[in-house]
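**Student:** Provided herewith: final13.pdb, PDB, C-alpha atoms.
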MODEL        1
ATOM      1  CA  MET A   1      18.474 118.608 176.866
ATOM      2  CA  GLY A   2      20.115 116.415 174.266
ATOM      3  CA  GLU A   3      23.767 115.555 174.414
ATOM      4  CA  LYS A   4      26.026 117.954 172.482
ATOM      5  CA  ARG A   5      28.357 116.376 169.968
ATOM      6  CA  GLU A   6      31.955 117.284 170.623
ATOM      7  CA  ILE A   7      33.507 119.093 167.679
ATOM      8  CA  ARG A   8      37.034 120.406 168.017
ATOM      9  CA  TYR A   9      38.122 123.539 166.201
ATOM     10  CA  SER A  10      41.392 125.009 164.992
ATOM     11  CA  LEU A  11      42.504 128.474 166.052
ATOM     12  CA  LEU A  12      45.220 130.800 164.837
ATOM     13  CA  VAL A  13      46.336 133.630 167.117
ATOM     14  CA  ILE A  14      48.372 136.443 165.566
ATOM     15  CA  SER A  15      49.996 138.931 167.924
ATOM     16  CA  SER A  16      53.310 140.688 168.262
ATOM     17  CA  GLU A  17      52.838 140.660 172.060
ATOM     18  CA  ASP A  18      53.745 137.551 174.055
ATOM     19  CA  LYS A  19      51.524 138.897 176.847
ATOM     20  CA  PHE A  20      48.462 138.479 174.600
ATOM     21  CA  PHE A  21      49.322 134.810 173.922
ATOM     22  CA  SER A  22      49.454 134.122 177.650
ATOM     23  CA  PHE A  23      46.144 135.904 178.182
ATOM     24  CA  PHE A  24      44.563 134.034 175.278
ATOM     25  CA  SER A  25      45.682 130.597 176.468
ATOM     26  CA  ARG A  26      44.324 131.285 179.988
ATOM     27  CA  ALA A  27      40.967 132.444 178.547
ATOM     28  CA  MET A  28      40.383 129.424 176.290
ATOM     29  CA  ASP A  29      39.217 125.959 177.271
ATOM     30  CA  SER A  30      41.935 123.997 175.482
ATOM     31  CA  ARG A  31      39.811 120.822 175.394
ATOM     32  CA  ARG A  32      37.518 122.501 172.842
ATOM     33  CA  TYR A  33      40.290 123.174 170.368
ATOM     34  CA  GLU A  34      42.179 120.689 168.270
ATOM     35  CA  THR A  35      44.860 123.208 167.331
ATOM     36  CA  VAL A  36      45.907 126.594 168.671
ATOM     37  CA  ASP A  37      48.761 127.976 166.596
ATOM     38  CA  VAL A  38      50.557 131.169 167.532
ATOM     39  CA  ILE A  39      52.164 133.538 165.017
ATOM     40  CA  LYS A  40      53.825 136.931 165.533
ATOM     41  CA  SER A  41      53.494 138.754 162.181
ATOM     42  CA  ALA A  42      51.126 139.276 159.261
ATOM     43  CA  ALA A  43      53.692 137.989 156.771
ATOM     44  CA  GLN A  44      54.146 134.768 158.730
ATOM     45  CA  ALA A  45      50.354 134.398 159.018
ATOM     46  CA  ARG A  46      49.885 134.789 155.269
ATOM     47  CA  ARG A  47      52.460 132.033 154.643
ATOM     48  CA  GLU A  48      50.819 129.748 157.214
ATOM     49  CA  LEU A  49      47.358 130.250 155.708
ATOM     50  CA  LEU A  50      48.612 129.042 152.323
ATOM     51  CA  THR A  51      49.202 125.597 153.809
ATOM     52  CA  ARG A  52      46.557 125.270 156.525
ATOM     53  CA  THR A  53      42.999 126.352 157.241
ATOM     54  CA  TYR A  54      41.672 127.549 160.588
ATOM     55  CA  ASP A  55      38.162 127.813 161.918
ATOM     56  CA  VAL A  56      38.877 131.059 163.791
ATOM     57  CA  VAL A  57      41.698 133.581 163.492
ATOM     58  CA  VAL A  58      42.290 136.095 166.305
ATOM     59  CA  ILE A  59      44.417 139.131 165.446
ATOM     60  CA  ASN A  60      45.739 141.374 168.212
ATOM     61  CA  MET A  61      46.374 144.847 166.757
ATOM     62  CA  PRO A  62      48.813 146.298 165.946
ATOM     63  CA  LEU A  63      51.134 143.718 164.441
ATOM     64  CA  SER A  64      54.869 144.275 164.002
ATOM     65  CA  ASP A  65      54.631 144.535 160.204
ATOM     66  CA  GLU A  66      51.154 146.088 159.701
ATOM     67  CA  THR A  67      48.105 147.163 161.680
ATOM     68  CA  GLY A  68      46.220 143.905 161.148
ATOM     69  CA  MET A  69      43.152 145.420 159.493
ATOM     70  CA  GLU A  70      44.178 144.483 155.932
ATOM     71  CA  LEU A  71      45.159 141.009 157.111
ATOM     72  CA  SER A  72      41.754 140.530 158.750
ATOM     73  CA  ILE A  73      39.976 141.514 155.520
ATOM     74  CA  ASP A  74      42.233 139.252 153.412
ATOM     75  CA  ILE A  75      41.541 136.274 155.672
ATOM     76  CA  SER A  76      37.815 136.948 155.735
ATOM     77  CA  GLU A  77      37.604 137.209 151.946
ATOM     78  CA  LYS A  78      39.964 134.374 150.942
ATOM     79  CA  TYR A  79      39.328 131.726 153.577
ATOM     80  CA  ASN A  80      36.382 130.216 155.421
ATOM     81  CA  SER A  81      37.705 131.391 158.768
ATOM     82  CA  GLY A  82      35.896 133.488 161.325
ATOM     83  CA  VAL A  83      38.030 136.518 162.197
ATOM     84  CA  ILE A  84      38.285 138.487 165.437
ATOM     85  CA  LEU A  85      40.269 141.706 165.488
ATOM     86  CA  VAL A  86      41.312 142.948 168.944
ATOM     87  CA  THR A  87      42.134 146.656 169.070
ATOM     88  CA  SER A  88      42.482 149.491 171.569
ATOM     89  CA  GLU A  89      39.313 151.161 172.862
ATOM     90  CA  ASP A  90      40.141 154.457 171.121
ATOM     91  CA  LYS A  91      40.462 152.713 167.716
ATOM     92  CA  LYS A  92      37.482 150.374 168.056
ATOM     93  CA  TRP A  93      34.985 152.599 166.242
ATOM     94  CA  ASP A  94      37.205 153.398 163.232
ATOM     95  CA  THR A  95      38.450 149.813 163.014
ATOM     96  CA  GLY A  96      34.907 148.444 163.172
ATOM     97  CA  ASN A  97      33.778 150.821 160.417
ATOM     98  CA  TYR A  98      36.669 149.670 158.250
ATOM     99  CA  VAL A  99      36.364 145.879 158.667
ATOM    100  CA  SER A 100      32.822 144.996 159.753
ATOM    101  CA  ASP A 101      31.428 144.900 156.195
ATOM    102  CA  TYR A 102      33.819 141.985 155.615
ATOM    103  CA  GLY A 103      32.389 139.980 158.515
ATOM    104  CA  VAL A 104      35.269 140.685 160.873
ATOM    105  CA  MET A 105      34.304 140.858 164.566
ATOM    106  CA  VAL A 106      36.002 143.694 166.494
ATOM    107  CA  LEU A 107      36.702 143.559 170.237
ATOM    108  CA  SER A 108      38.375 146.304 172.253
ATOM    109  CA  LYS A 109      41.060 146.169 174.933
ATOM    110  CA  PRO A 110      41.016 145.767 177.776
ATOM    111  CA  ILE A 111      39.028 142.627 177.104
ATOM    112  CA  SER A 112      37.938 140.038 179.609
ATOM    113  CA  GLY A 113      38.891 136.420 179.130
ATOM    114  CA  GLN A 114      35.195 135.540 179.248
ATOM    115  CA  ALA A 115      34.313 137.973 176.434
ATOM    116  CA  LEU A 116      37.170 136.684 174.277
ATOM    117  CA  SER A 117      36.267 133.052 174.946
ATOM    118  CA  GLN A 118      32.580 133.683 174.181
ATOM    119  CA  SER A 119      33.431 135.481 170.929
ATOM    120  CA  VAL A 120      35.654 132.608 169.781
ATOM    121  CA  ARG A 121      32.949 130.086 170.725
ATOM    122  CA  THR A 122      30.331 132.095 168.799
ATOM    123  CA  LEU A 123      32.470 132.065 165.661
ATOM    124  CA  CYS A 124      33.069 128.322 166.129
ATOM    125  CA  GLY A 125      29.287 127.853 166.279
ATOM    126  CA  ILE A 126      28.928 129.797 163.032
ATOM    127  CA  GLN A 127      31.647 127.591 161.502
ATOM    128  CA  ARG A 128      29.704 124.522 162.606
ATOM    129  CA  LYS A 129      26.564 125.788 160.860
ATOM    130  CA  PHE A 130      28.606 126.682 157.781
ATOM    131  CA  ARG A 131      30.033 123.142 157.580
ATOM    132  CA  HIS A 132      26.552 121.667 157.900
ATOM    133  CA  GLU A 133      25.210 123.892 155.110
ATOM    134  CA  GLN A 134      28.196 123.026 152.921
ATOM    135  CA  LYS A 135      27.473 119.309 153.322
ATOM    136  CA  ARG A 136      23.807 119.908 152.580
ATOM    137  CA  ALA A 137      24.652 121.897 149.448
ATOM    138  CA  ILE A 138      26.931 119.112 148.216
ATOM    139  CA  THR A 139      24.195 116.528 148.811
ATOM    140  CA  LEU A 140      21.674 118.683 146.954
ATOM    141  CA  GLU A 141      24.128 119.157 144.101
ATOM    142  CA  ASP A 142      24.681 115.382 143.877
ATOM    143  CA  LYS A 143      20.923 114.800 143.728
ATOM    144  CA  MET A 144      20.567 117.388 140.953
ATOM    145  CA  LYS A 145      23.361 115.691 138.987
ATOM    146  CA  GLU A 146      21.610 112.337 139.334
ATOM    147  CA  ILE A 147      18.307 113.813 138.141
ATOM    148  CA  ARG A 148      20.039 115.300 135.072
ATOM    149  CA  ILE A 149      21.736 111.961 134.281
ATOM    150  CA  VAL A 150      18.481 110.024 134.720
ATOM    151  CA  ASN A 151      16.679 112.492 132.451
ATOM    152  CA  LYS A 152      19.387 112.139 129.811
ATOM    153  CA  ALA A 153      19.096 108.331 129.984
ATOM    154  CA  LYS A 154      15.293 108.560 129.730
ATOM    155  CA  TRP A 155      15.586 110.654 126.568
ATOM    156  CA  ILE A 156      17.993 108.102 125.092
ATOM    157  CA  LEU A 157      15.473 105.309 125.808
ATOM    158  CA  ILE A 158      12.676 107.409 124.312
ATOM    159  CA  ASP A 159      14.723 108.268 121.224
ATOM    160  CA  LYS A 160      16.591 104.988 120.620
ATOM    161  CA  GLU A 161      14.161 102.422 122.069
ATOM    162  CA  GLY A 162      10.892 104.139 121.210
ATOM    163  CA  MET A 163       9.664 104.083 124.825
ATOM    164  CA  SER A 164       7.247 106.563 126.340
ATOM    165  CA  GLU A 165       8.661 108.839 129.046
ATOM    166  CA  GLU A 166       6.695 106.910 131.670
ATOM    167  CA  ASN A 167       8.056 103.530 130.470
ATOM    168  CA  ALA A 168      11.612 104.868 130.274
ATOM    169  CA  HIS A 169      11.338 106.126 133.861
ATOM    170  CA  ARG A 170       9.878 102.831 135.060
ATOM    171  CA  THR A 171      12.603 100.856 133.247
ATOM    172  CA  ILE A 172      15.368 102.815 134.979
ATOM    173  CA  GLU A 173      13.643 102.650 138.362
ATOM    174  CA  LYS A 174      12.990  98.874 138.115
ATOM    175  CA  ALA A 175      16.551  98.094 137.013
ATOM    176  CA  ALA A 176      17.890 100.114 139.974
ATOM    177  CA  MET A 177      15.628  98.256 142.441
ATOM    178  CA  ASP A 178      16.365  94.824 140.948
ATOM    179  CA  ARG A 179      20.125  95.360 141.146
ATOM    180  CA  CYS A 180      20.092  97.380 144.416
ATOM    181  CA  VAL A 181      21.952 100.296 142.854
ATOM    182  CA  SER A 182      21.089 103.948 142.322
ATOM    183  CA  LYS A 183      19.037 105.177 139.382
ATOM    184  CA  GLY A 184      22.082 107.301 138.525
ATOM    185  CA  GLN A 185      24.228 104.201 138.045
ATOM    186  CA  ILE A 186      21.639 102.591 135.748
ATOM    187  CA  ALA A 187      21.322 105.883 133.841
ATOM    188  CA  ARG A 188      25.115 106.075 133.368
ATOM    189  CA  GLU A 189      25.150 102.525 132.040
ATOM    190  CA  ILE A 190      22.381 103.383 129.562
ATOM    191  CA  ILE A 191      24.252 106.496 128.442
ATOM    192  CA  ASP A 192      27.526 104.553 128.071
ATOM    193  CA  SER A 193      25.884 101.784 126.055
ATOM    194  CA  HIS A 194      24.444 104.219 123.524
TER     195      HIS A 194
ENDMDL
END
As structure tokens - that is how I would like this structure written.

**Tutor:**
Amino acid sequence: MGEKREIRYSLLVISSEDKFFSFFSRAMDSRRYETVDVIKSAAQARRELLTRTYDVVVINMPLSDETGMELSIDISEKYNSGVILVTSEDKKWDTGNYVSDYGVMVLSKPISGQALSQSVRTLCGIQRKFRHEQKRAITLEDKMKEIRIVNKAKWILIDKEGMSEENAHRTIEKAAMDRCVSKGQIAREIIDSH
């Protein structure tokens, strides 16, 4: 198999119980994660999320100032973070029905370290794919912008210089090759000069 590229992720753990933090840190392979921040309340988490983004947020229910369900939905809707909500076995079904439509993963206690670690790793993998798709979308958007600019420049050459569409295209393409620049740059220069 090919070599896996090492990507490090950021985690936020929100729990009112110190015991959960200890359990979490034992379950995770710390070398995988760039940051693991620990917060004790929903209010503190909301303030933290205004200044920093996290790949995965783990919420251990209930929190001292709310259950954690509303917080999980807020994070899922407002940020690009994967969210895991850890709840008691007797509340798992109701909690899952309430939050799963928002993409929140629900795990029930008692939970094994392996299950928690695997769930976090799965969400990190989804984050990795999301980042890749975001980059691809930006690249595609840049290409579309260049096509629109080149088309605008072609129409200027057709209108102002009396060229055919084919000649206008060739003129832009040749100038870009001769100067070793993009067609978009040549098109912008044409647009600016007219």

**Student:** Applying the PyMOL selection byres ((chain A and resi 116-122) around 12) to the file I just gave you, which residues come out? Please list them as a PyMOL selection string.

**Tutor:** chain A and resi 7-13+20+23-30+32-33+36+55-60+81-86+104-115+123-129

**Student:** Emit as lines of an AutoDock Vina configuration file the padded axis-aligned box for all listed atoms of range 168-172 of chain A, 3 Å per side, with centre and edge lengths in Å to one decimal.

**Tutor:**
center_x = 12.6
center_y = 103.5
center_z = 132.7
size_x = 11.5
size_y = 11.3
size_z = 10.8

**Student:** Give me the result of the PyMOL selection byres ((chain A and resi 150) around 12) on this file, residue by residue, as a compact mmCIF listing (two decimals) with C-alpha atoms, in the coordinates of the input.

**Tutor:**
# COMPACT_ATOMS: atom_id res chain seq x y z
CA LYS A 143 20.92 114.80 143.73
CA MET A 144 20.57 117.39 140.95
CA LYS A 145 23.36 115.69 138.99
CA GLU A 146 21.61 112.34 139.33
CA ILE A 147 18.31 113.81 138.14
CA ARG A 148 20.04 115.30 135.07
CA ILE A 149 21.74 111.96 134.28
CA ASN A 151 16.68 112.49 132.45
CA LYS A 152 19.39 112.14 129.81
CA ALA A 153 19.10 108.33 129.98
CA LYS A 154 15.29 108.56 129.73
CA TRP A 155 15.59 110.65 126.57
CA ILE A 156 17.99 108.10 125.09
CA LEU A 157 15.47 105.31 125.81
CA GLU A 165 8.66 108.84 129.05
CA ALA A 168 11.61 104.87 130.27
CA HIS A 169 11.34 106.13 133.86
CA ARG A 170 9.88 102.83 135.06
CA THR A 171 12.60 100.86 133.25
CA ILE A 172 15.37 102.82 134.98
CA GLU A 173 13.64 102.65 138.36
CA ALA A 176 17.89 100.11 139.97
CA SER A 182 21.09 103.95 142.32
CA LYS A 183 19.04 105.18 139.38
CA GLY A 184 22.08 107.30 138.52
CA GLN A 185 24.23 104.20 138.04
CA ILE A 186 21.64 102.59 135.75
CA ALA A 187 21.32 105.88 133.84
CA ARG A 188 25.12 106.08 133.37
CA GLU A 189 25.15 102.52 132.04
CA ILE A 190 22.38 103.38 129.56
CA ILE A 191 24.25 106.50 128.44

**Student:** Using only C-alpha atoms for the distances, tell me which of A:Ser193, A:Ser88, A:Ser100, A:Gln134 is nearest to Pro62 in chain A.

**Tutor:** A:Ser88

**Student:** At a cut-off of 10 Å, using all atoms listed in the file, what residues contact range 37-45 of chain A? Leave out same-chain residues fewer than 2 positions from it and give the result as a PyMOL selection string.

**Tutor:** chain A and resi 10-18+21+34-35+47-50+54+57-60+62-68+70-72+75

**Student:** Between CA of Arg52 in chain A and CA of Arg136 in chain A, what is the distance, to one decimal in Å?

**Tutor:**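 One can read the CA of Arg52 in chain A to CA of Arg136 in chain A distance as 23.7 Å.
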
**Student:** In Å, how far is it from CA of Arg46 in chain A to CA of Tyr79 in chain A?

**Tutor:**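 So the answer is 11.1 Å.
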
**Student:** What does the distance from CA of Cys180 in chain A to CA of Glu166 in chain A come to in Å, to one decimal?

**Tutor:** 20.8 Å

**Student:** Around (39.5, 150.5, 160.0) in the file's frame, which residues reach within 10 Å when counting all atoms listed in the file? Return as a count of residues only?

**Tutor:** 14

**Student:** Extract range 132-146 of chain A from the structure I just pasted (atoms: N, CA and C atoms) and return it as a short mmCIF file (atom, residue, chain, number, x, y, z; two decimals), in the first residue's frame.

**Tutor:**
data_model
loop_
_atom_site.label_atom_id
_atom_site.label_comp_id
_atom_site.auth_asym_id
_atom_site.auth_seq_id
_atom_site.Cartn_x
_atom_site.Cartn_y
_atom_site.Cartn_z
N HIS A 132 -10.36 18.58 0.76
CA HIS A 132 -9.97 18.29 -0.63
C HIS A 132 -11.03 18.82 -1.60
N GLU A 133 -12.29 18.58 -1.30
CA GLU A 133 -13.37 19.05 -2.17
C GLU A 133 -13.44 20.57 -2.19
N GLN A 134 -13.17 21.20 -1.05
CA GLN A 134 -13.15 22.66 -0.99
C GLN A 134 -12.08 23.22 -1.91
N LYS A 135 -10.88 22.62 -1.87
CA LYS A 135 -9.79 23.07 -2.73
C LYS A 135 -10.16 22.88 -4.19
N ARG A 136 -10.77 21.74 -4.49
CA ARG A 136 -11.18 21.46 -5.87
C ARG A 136 -12.23 22.46 -6.35
N ALA A 137 -13.17 22.80 -5.48
CA ALA A 137 -14.21 23.76 -5.84
C ALA A 137 -13.61 25.13 -6.11
N ILE A 138 -12.63 25.52 -5.30
CA ILE A 138 -11.97 26.82 -5.50
C ILE A 138 -11.23 26.82 -6.83
N THR A 139 -10.54 25.73 -7.15
CA THR A 139 -9.82 25.63 -8.42
C THR A 139 -10.78 25.72 -9.58
N LEU A 140 -11.91 25.02 -9.49
CA LEU A 140 -12.91 25.04 -10.54
C LEU A 140 -13.49 26.44 -10.70
N GLU A 141 -13.72 27.11 -9.58
CA GLU A 141 -14.25 28.47 -9.61
C GLU A 141 -13.25 29.42 -10.28
N ASP A 142 -11.97 29.26 -9.97
CA ASP A 142 -10.93 30.09 -10.60
C ASP A 142 -10.89 29.87 -12.12
N LYS A 143 -11.03 28.62 -12.54
CA LYS A 143 -11.03 28.32 -13.97
C LYS A 143 -12.23 28.96 -14.66
N MET A 144 -13.39 28.90 -14.00
CA MET A 144 -14.60 29.50 -14.56
C MET A 144 -14.44 31.02 -14.69
N LYS A 145 -13.82 31.64 -13.68
CA LYS A 145 -13.57 33.08 -13.74
C LYS A 145 -12.67 33.42 -14.93
N GLU A 146 -11.62 32.61 -15.11
CA GLU A 146 -10.71 32.86 -16.23
C GLU A 146 -11.42 32.71 -17.57
#
